[in-house]
2 protein chains.
Amino acid sequence: MVKGDELFADFSSFPAQAKLRELAASPLDLRPAGVVTPERIGAYRARGGGFDLLFFGQRLDEEVLNALQELADQSRAVAQFTAMRQGAVLNRIEGFASENRQVLHCSCRDVFSSRPREPQSAGQVRAELEKLRLFLTDLEQGRLITPQGEPYTGMIQVGIGGSDLGPRALYLALKAYARPGRRVDFISNVDPDDAAAVLGRLDLSRTLVNVVSKSGTTLETLANEELVRQAYRRAGLRPEDYFVAVTGQGSPMDNPRNYLRSFYMFDYIGGRYSATSMVGLVMLGFALGYDGVMAILRGAHGMDEVAQEGDLRRNPALLLALLGIWNRNFLGYESLAVLPYSQALVRFAAHLQQLDMESNGKSVSRRGRELAWQSGPIVWGEPGTNGQHAFYQLLHQGTGLAPAEFIGFRQSQYQQDLVIQDTSAQEKLLANLLAQSLALAVGQADDNPNRRFPGNRPSSILLADRLTPESMGALLALYEAKVVLQGFIWNINSFDQEGVQLGKRLANRLLAHYAAGRRGQPPPADPLGRALLEAAAVL
Amino acid sequence: MVKGDELFADFSSFPAQAKLRELAASPLDLRPAGVVTPERIGAYRARGGGFDLLFFGQRLDEEVLNALQELADQSRAVAQFTAMRQGAVLNRIEGFASENRQVLHCSCRDVFSSRPREPQSAGQVRAELEKLRLFLTDLEQGRLITPQGEPYTGMIQVGIGGSDLGPRALYLALKAYARPGRRVDFISNVDPDDAAAVLGRLDLSRTLVNVVSKSGTTLETLANEELVRQAYRRAGLRPEDYFVAVTGQGSPMDNPRNYLRSFYMFDYIGGRYSATSMVGLVMLGFALGYDGVMAILRGAHGMDEVAQEGDLRRNPALLLALLGIWNRNFLGYESLAVLPYSQALVRFAAHLQQLDMESNGKSVSRRGRELAWQSGPIVWGEPGTNGQHAFYQLLHQGTGLAPAEFIGFRQSQYQQDLVIQDTSAQEKLLANLLAQSLALAVGQADDNPNRRFPGNRPSSILLADRLTPESMGALLALYEAKVVLQGFIWNINSFDQEGVQLGKRLANRLLAHYAAGRRGQPPPADPLGRALLEAAAVL
């Protein structure tokens with residue numbers, strides 16, 4: 001087993017820090033004529049895994065870039081990434097109780113060679129993929145049909161957090177490629193209205209239900225599963241003819257009597273990194289077919305390979321990670337706007353919010369010490385051009401600002417377009433994307449102070465040819481790698497989520513008041529909890 | 001005409017500033033036992049317009065609250081709100097070219113008395129409402145039917161920015177109350193895939209199209225309208241049997257030959273404040289019926305009345321505005337998380353993003369001077385409990401943090417629920433909401449540094465009985481009033497959006513390269529634009 005903890009070094013210990021701090025005192029001014037030139041635009045560009053990363057709009061020059069490369073080298077971020085793929089126990093805090101696990105989401109897609117980086121996990125992944133292939137073949141060849149003898153046409157994914165956000169973002173991104181007559185819906189929130197709204201619009205008699213919970217004990221998922229089971233029974237249907245499970249081996253949900261099929265997820269894959277495990281693939285396989293699933297994996301695997309490249313210019317994930325660190329730790333920006341110019345990526349920012357903020361929203365180093373530096377930013381965003389008609393006002397002219405990552409594709413998915421005023425909609429989309437990055441960078445002077453644009457607002461642009469299963473896999477892996485690489489450099493554990501526990505515990509304390517009432521027991525001795533419920537008038 | 005500009009005073013000029021700055025040097029520590037007590041929870045509560053605002057979780061005491069009340073009084077925020085409703089020309093910058101308009105979105109709902117605050121606009125609003133009533137009655141009584149003699153069952157809203165976000169957020173919030181057999185879809189993005197995805201799943205022969213653009217020249221909307229018209233023609237349908245328009249009187253879209261019906265919007269209502277104008281109401285009326293529309297207006301009007309209350313404790317909008325200013329200007333937080341515990345509010349944060357960031361993302365005062373203080377925060381958020389399984393990690397344990405506004409309802413919409421482990425899903429939802437606010441405030445000590453919660457992270461809770469058309473109207477108006485009141489106090493123009501112009505201009509510059517190619521003209525002399533298109537490999 002690769003250990004990896006000889007790689008745990010504090011962010012403050014890297015020699016490149018001092019130089020970067022010095023350079024950050026007078027970052028490049030992007031506004032004067034002769035700074036953002038055609039030459040700069042052409043030169044500040046990296047490429048890998050099917051994506052181009054244009055970063056002329058960042059407040060840096062070659063000197064900063066070289067120092068960022070030194071920081072990457074000194075932190076041994078890529079070596080840690082390699083160790084991670086090989087099975088190092090990187091989900092841990094030295095000297096304290098922690099999850100103490102390997103981090104092997106990359107194994108989900110390390111299925112294209114006979115020598116995977118970590119053979120044991122890759123073997124388990126292959127076994128699950130084979131189960132999935134059989135399941136999908138049975139559906140397609142009519143061996144697995146409804147009790148009424150018809151094909152299943154729908155699937156409801158029941159899950160929350162990583163079992164919802166990543167899979168949902170991928171489905172919405174790729175539903176242009178869904179097989180005819182197949183649709184997927186999602187139930188995630190404990191809000192009873194969420195389930196009611198979905199169940200109310202579906203023909204349950206032709207709809208599979210995919211329940212996803214690693215532990216088999218996630219409160220929201222269990223509650224929603226039970227709600228859905230009751231809806232099936234009310235409709236005169238037997239849930240066991242419709243329900244499939246994705247869960248940990250041996251979990252309470254690992255029970256063939258309750259499910260048509262079961263697929264396994266493993267402890268070495270965290271929820272927010274699980275979209276390319278069975279957590280996402282069972283549903284995506286239903287929608288896109290097995291070939292679609294394999295294309296996603298191929299794209300992701302390709303980007304994992306690129307993420308092991310040490311040169312910033314040949315590794316978009318590493319460059320994106322370092323640009324983020326430049327903006328966060330040296331220029332002091334607190335948030336990051338992710339702005340896809342593709343309506344299909346409508347939920348990708350929500351996935352990134354979890355991926356990034358749950359991974360890197362940490363205050364303790366992997367050595368168990370309070371951080372003396374900033375970690376992950378607040379991540380938010382919406383698709384453009386919609387956003388241009390909404391919050392971009394603040395991006396351009398607010399007293400606060402957020403560095404931006406634009407994402408775009410050269411061609412549309414549906415290839416249905418229309419030329420108006422001599423340009424197509426896709427051209428309008430791309431022109432707007434590029435124009436925003438330029439506008440943020442260079443700004444504009446004006447005699448009317450209200451029409452002045454301060455400029456110097458950093459942004460990058462990620463571009464690929466077309467949003468397909470393969471490029472979506474690559475984009476997903478690119479951001480996974482970015483987040484993980486940043487965590488390595490900040491010396492934090494990007495793989496646990498202790499910060500969700502306190503709220504859960506306090507919620508249970510409040511629920512005890514309701515439960516006691518329903519059981520006819522005396523209320524708990526908890527004056528603070530009681531006061532809260534009473535002040536809210538919900539008891 | 002009420003002038004209102006005698007009310008333009010700089011934020012830095014208010015005497016309460018000094019006291020607030022002094023108090024902010026040692027804000028209340030929420031963590032020690034004996035600070036967040038049952039008494040505090042009960043006492044730090046305001047009420048109005050059907051909403052309770054619990055703010056025990058803010059870092060303030062009575063002294064701060066009194067100073068915030070002084071700031072509210074000294075800024076004459078409520079007097080400006082009243083002047084706004086009476087027709088003062090508040091959309092302006094003194095001494096510089098500006099839109100120079102009244103701000104009369106509140107007139108949209110000032111239709112419940114014989115003495116509206118601003119009679120001329122209220123008269124125009126009533127006339128449009130009457131046209132809407134007739135339109136809806138014609139649909140219901142079968143006078144307005146498809147050429148095939150069937151009722152219309154769907155509507156596509158084509159709009160962008162304020163013609164999309166607010167209306168869409170309201171529709172999703174209220175679709176539990178939609179009339180049977182009526183659904184609404186939305187096309188907003190210039191992304192051609194957005195339109196293709198929507199058009200691909202609808203029966204156009206029974207679907208109305210509502211095109212919304214005040215100027216009748218919004219690029220995205222015109223392009224999408226044309227895409228949709230072509231789809232109708234391809235399906236053998238005449239667009240003029242299906243299309244209705246919401247636009248400014250005299251705009252290029254104000255043409256009865258192209259539309260079944262036309263409804264007007266007015267210059268004195270900005271896009272992001274237009275959800276309760278015909279921009280939202282034509283579509284909402286189709287979905288909910290005229291009674292539903294009137295209920296929304298009643299709720300909004302009620303909150304507008306409450307927003308004229310001078311006492312913080314009796315005016316949730318004003319209190320929310322001042323709590324925001326305390327956190328932004330005195331405690332220094334850059335962003336605001338809005339976290340509705342209701343899946344139906346899934347797009348409400350996106351609407352608020354526009355409402356708040358486009359209104360208050362400004363750097364120039366109403367006197368045309370550079371601000372010497374911070375203005376609007378970055379606003380973002382997703383529904384809980386989903387968010388708890390996603391980004392809450394950072395809210396609790398990140399090195400950065402964001403003040404939070406939780407929104408909840410005591411009862412569910414569908415009233416379909418299930419008791420599991422002696423509590424209902426709605427109780428779980430509420431318990432989680434309340435627990436999060438408490439957890440953020442008090443934190444938790446632990447021997448394991450990774451399980452420590454620093455606490456002292458500010459939040460408020462907004463609660464109403466149930467998400468209905470009326471309470472949704474009130475919630476919408478509450479946030480509109482909050483944003484406007486903050487703008488008054490910061491002395492900025494919350495009603496223009498000059499910051500969107502530069503990007504538009506640069507996009508047109510890039511589009512000229514495509515258009516020249518298509519017209520067979522020589523390319524424009526624009527080396528920077530050309531370099532950008534070439535670096536992106538999109539030319």
# chains A, B, ... in the order shown; residues from 1 in each chain; ligands from 1
call {"tool": "residues_around", "arguments": {"residues": "segment 322-331 of chain B", "least_positions_apart": "4", "cutoff": "10 Å", "atoms": "only C-alpha atoms", "output": "ChimeraX atom specification"}}
result
/B:17,20-27,55,58-60,64-65,68-69,71-72,312,316-318,335-336,373-377,402-405,458-460,482-483,485-486,489-490
call {"tool": "select_by_dssp", "arguments": {"residues": "segment 11-255 of chain B", "states": "helix (DSSP H, G or I)", "output": "PyMOL selection string"}}
result
chain B and resi 11-13+16-24+38-43+62-75+77-85+105-109+119-140+161-163+165-177+192-200+204-206+219-234+239-241
call {"tool": "residues_around", "arguments": {"residues": "segment 340-350 of chain A", "least_positions_apart": "4", "cutoff": "6 Å", "atoms": "only C-alpha atoms", "output": "PyMOL selection string"}}
result
(chain A and resi 169+172-173+381+383-384+406-408) or (chain B and resi 194)
call {"tool": "residues_around", "arguments": {"residues": "Phe96 of chain B", "least_positions_apart": "6", "cutoff": "9 Å", "atoms": "only C-alpha atoms", "output": "mmCIF file with C-alpha atoms, in the first residue's frame"}}
result
data_model
loop_
_atom_site.group_PDB
_atom_site.id
_atom_site.type_symbol
_atom_site.label_atom_id
_atom_site.label_comp_id
_atom_site.auth_asym_id
_atom_site.auth_seq_id
_atom_site.Cartn_x
_atom_site.Cartn_y
_atom_site.Cartn_z
ATOM 1 C CA ASN A 448 -20.005 59.184 -17.194
ATOM 2 C CA PRO A 449 -18.824 57.484 -13.973
ATOM 3 C CA ASN A 450 -21.775 55.120 -14.148
ATOM 4 C CA ARG B 367 -24.414 61.692 -6.974
ATOM 5 C CA GLY B 368 -22.052 60.178 -9.556
#
call {"tool": "residues_around", "arguments": {"residues": "segment 197-203 of chain A", "least_positions_apart": "5", "cutoff": "12 Å", "atoms": "only C-alpha atoms", "output": "ChimeraX atom specification"}}
result
/A:146,152-158,183-189,191-192,208-209,224-225,227-232,234-235,237 /B:172-178,180-181,183,343-344,412-416
call {"tool": "residues_around", "arguments": {"residues": "segment 286-293 of chain A", "least_positions_apart": "2", "cutoff": "7 Å", "atoms": "only C-alpha atoms", "output": "NGL selection string"}}
result
:A and (133 or 136 or 177-179 or 182-183 or 281-284 or 295-297 or 469)
call {"tool": "write_last_selection", "arguments": {"atoms": "all heavy atoms", "output": "compact mmCIF listing (two decimals), in the first residue's frame"}}
result
# COMPACT_ATOMS: atom_id res chain seq x y z
N ARG A 133 -23.54 -3.90 -17.68
CA ARG A 133 -23.71 -4.26 -19.09
C ARG A 133 -24.82 -5.30 -19.24
O ARG A 133 -25.68 -5.19 -20.12
CB ARG A 133 -22.38 -4.80 -19.65
CG ARG A 133 -22.31 -4.81 -21.18
CD ARG A 133 -21.04 -5.44 -21.71
NE ARG A 133 -20.89 -6.83 -21.28
CZ ARG A 133 -21.57 -7.87 -21.77
NH1 ARG A 133 -22.45 -7.67 -22.75
NH2 ARG A 133 -21.39 -9.09 -21.31
N LEU A 136 -28.26 -3.70 -18.70
CA LEU A 136 -28.69 -2.89 -19.84
C LEU A 136 -29.03 -3.76 -21.05
O LEU A 136 -29.99 -3.48 -21.76
CB LEU A 136 -27.60 -1.85 -20.20
CG LEU A 136 -27.30 -0.84 -19.10
CD1 LEU A 136 -26.12 0.04 -19.49
CD2 LEU A 136 -28.53 0.01 -18.77
N TYR A 177 -28.55 13.06 -25.87
CA TYR A 177 -28.14 11.77 -26.44
C TYR A 177 -28.94 10.59 -25.86
O TYR A 177 -28.59 9.44 -26.09
CB TYR A 177 -26.64 11.53 -26.19
CG TYR A 177 -25.77 12.66 -26.69
CD1 TYR A 177 -25.28 13.62 -25.83
CD2 TYR A 177 -25.45 12.77 -28.05
CE1 TYR A 177 -24.49 14.67 -26.29
CE2 TYR A 177 -24.67 13.80 -28.52
CZ TYR A 177 -24.19 14.76 -27.64
OH TYR A 177 -23.43 15.79 -28.10
N ALA A 178 -29.98 10.88 -25.10
CA ALA A 178 -30.74 9.80 -24.47
C ALA A 178 -31.43 8.95 -25.54
O ALA A 178 -31.83 9.45 -26.59
CB ALA A 178 -31.78 10.36 -23.50
N ARG A 179 -31.56 7.66 -25.23
CA ARG A 179 -32.26 6.76 -26.15
C ARG A 179 -33.72 7.20 -26.25
O ARG A 179 -34.31 7.60 -25.25
CB ARG A 179 -32.23 5.35 -25.59
CG ARG A 179 -30.81 4.94 -25.26
CD ARG A 179 -30.67 3.44 -25.33
NE ARG A 179 -29.36 3.17 -25.86
CZ ARG A 179 -28.98 2.01 -26.38
NH1 ARG A 179 -29.85 1.02 -26.44
NH2 ARG A 179 -27.77 1.85 -26.83
N ARG A 182 -36.75 7.09 -23.37
CA ARG A 182 -36.25 6.88 -22.00
C ARG A 182 -36.03 8.23 -21.33
O ARG A 182 -35.37 9.10 -21.88
CB ARG A 182 -34.94 6.11 -22.03
CG ARG A 182 -35.16 4.66 -22.40
CD ARG A 182 -34.06 3.79 -21.87
NE ARG A 182 -34.27 2.41 -22.29
CZ ARG A 182 -33.31 1.50 -22.30
NH1 ARG A 182 -32.08 1.82 -21.90
NH2 ARG A 182 -33.58 0.27 -22.67
N ARG A 183 -36.57 8.37 -20.14
CA ARG A 183 -36.32 9.60 -19.39
C ARG A 183 -35.99 9.27 -17.94
O ARG A 183 -36.35 8.22 -17.42
CB ARG A 183 -37.51 10.56 -19.46
CG ARG A 183 -38.76 10.11 -18.74
CD ARG A 183 -39.79 11.23 -18.70
NE ARG A 183 -39.53 12.15 -17.58
CZ ARG A 183 -40.06 13.35 -17.48
NH1 ARG A 183 -40.85 13.82 -18.42
NH2 ARG A 183 -39.81 14.11 -16.43
N LEU A 281 -23.59 5.74 -12.99
CA LEU A 281 -23.60 5.00 -14.25
C LEU A 281 -24.83 4.14 -14.47
O LEU A 281 -25.21 3.88 -15.62
CB LEU A 281 -22.33 4.15 -14.37
CG LEU A 281 -21.01 4.92 -14.42
CD1 LEU A 281 -19.87 3.98 -14.76
CD2 LEU A 281 -21.05 6.08 -15.41
N VAL A 282 -25.45 3.65 -13.41
CA VAL A 282 -26.66 2.84 -13.60
C VAL A 282 -27.72 3.70 -14.30
O VAL A 282 -28.30 3.31 -15.32
CB VAL A 282 -27.18 2.29 -12.25
CG1 VAL A 282 -28.53 1.62 -12.43
CG2 VAL A 282 -26.16 1.31 -11.66
N MET A 283 -27.94 4.88 -13.76
CA MET A 283 -28.92 5.80 -14.34
C MET A 283 -28.49 6.27 -15.72
O MET A 283 -29.28 6.31 -16.67
CB MET A 283 -29.10 6.97 -13.36
CG MET A 283 -29.98 8.09 -13.83
SD MET A 283 -29.11 9.32 -14.82
CE MET A 283 -27.95 10.00 -13.65
N LEU A 284 -27.22 6.63 -15.85
CA LEU A 284 -26.74 7.11 -17.16
C LEU A 284 -26.76 6.00 -18.20
O LEU A 284 -27.04 6.24 -19.38
CB LEU A 284 -25.33 7.70 -17.02
CG LEU A 284 -25.28 9.03 -16.24
CD1 LEU A 284 -23.85 9.35 -15.82
CD2 LEU A 284 -25.87 10.16 -17.06
N ALA A 295 -18.17 5.91 -23.07
CA ALA A 295 -17.62 7.15 -23.62
C ALA A 295 -17.34 8.15 -22.49
O ALA A 295 -16.30 8.83 -22.50
CB ALA A 295 -18.60 7.75 -24.63
N ILE A 296 -18.22 8.22 -21.52
CA ILE A 296 -17.97 9.09 -20.36
C ILE A 296 -16.68 8.66 -19.66
O ILE A 296 -15.81 9.48 -19.35
CB ILE A 296 -19.16 9.04 -19.37
CG1 ILE A 296 -20.42 9.65 -20.00
CG2 ILE A 296 -18.81 9.75 -18.06
CD1 ILE A 296 -21.69 9.42 -19.19
N LEU A 297 -16.56 7.36 -19.44
CA LEU A 297 -15.38 6.85 -18.74
C LEU A 297 -14.10 7.10 -19.54
O LEU A 297 -13.06 7.45 -18.98
CB LEU A 297 -15.53 5.34 -18.46
CG LEU A 297 -16.68 4.96 -17.52
CD1 LEU A 297 -16.70 3.45 -17.29
CD2 LEU A 297 -16.59 5.70 -16.18
N PRO A 469 -20.81 12.74 -24.44
CA PRO A 469 -20.47 11.92 -23.27
C PRO A 469 -18.96 11.95 -22.98
O PRO A 469 -18.55 12.07 -21.82
CB PRO A 469 -20.96 10.53 -23.69
CG PRO A 469 -22.14 10.82 -24.58
CD PRO A 469 -21.75 12.05 -25.35
call {"tool": "closest_residue", "arguments": {"among": "B:Gln148, B:Asn360, B:Ser121, B:Gln426", "to": "Ala195 of chain A", "atoms": "only C-alpha atoms"}}
result
B:Gln426
call {"tool": "residues_around", "arguments": {"residues": "Ser365 of chain B", "least_positions_apart": "2", "cutoff": "9 Å", "atoms": "only C-alpha atoms", "output": "list of chain:residue names"}}
result
A:Asn450, B:Phe8, B:Asp10, B:Ile93, B:Glu94, B:Lys362, B:Ser363, B:Arg367, B:Gly368, B:Arg369, B:Glu370, B:Leu371, B:Trp490, B:Asn491, B:Ile492, B:Asn493
call {"tool": "closest_residue", "arguments": {"among": "B:Val538, B:Leu132, B:Leu511, B:Leu339", "to": "Ser262 of chain B", "atoms": "only C-alpha atoms"}}
result
B:Leu132
call {"tool": "closest_residue", "arguments": {"among": "A:Asp61, A:Asp465, A:Glu480, A:Asp447", "to": "Leu30 of chain A", "atoms": "only C-alpha atoms"}}
result
A:Asp61
call {"tool": "select_by_dssp", "arguments": {"residues": "segment 1-210 of chain B", "states": "strand (DSSP E)", "output": "PyMOL selection string"}}
result
chain B and resi 45-48+51-54+154-158+183-187+207-210
call {"tool": "atom_distance", "arguments": {"atom1": "atom CA of Glu470 of chain B", "atom2": "atom CA of Ala300 of chain B"}}
result
7.3 Å
call {"tool": "closest_residue", "arguments": {"among": "A:Leu54, A:Val212, A:Leu467, A:Val279", "to": "chain B", "atoms": "only C-alpha atoms"}}
result
A:Leu54
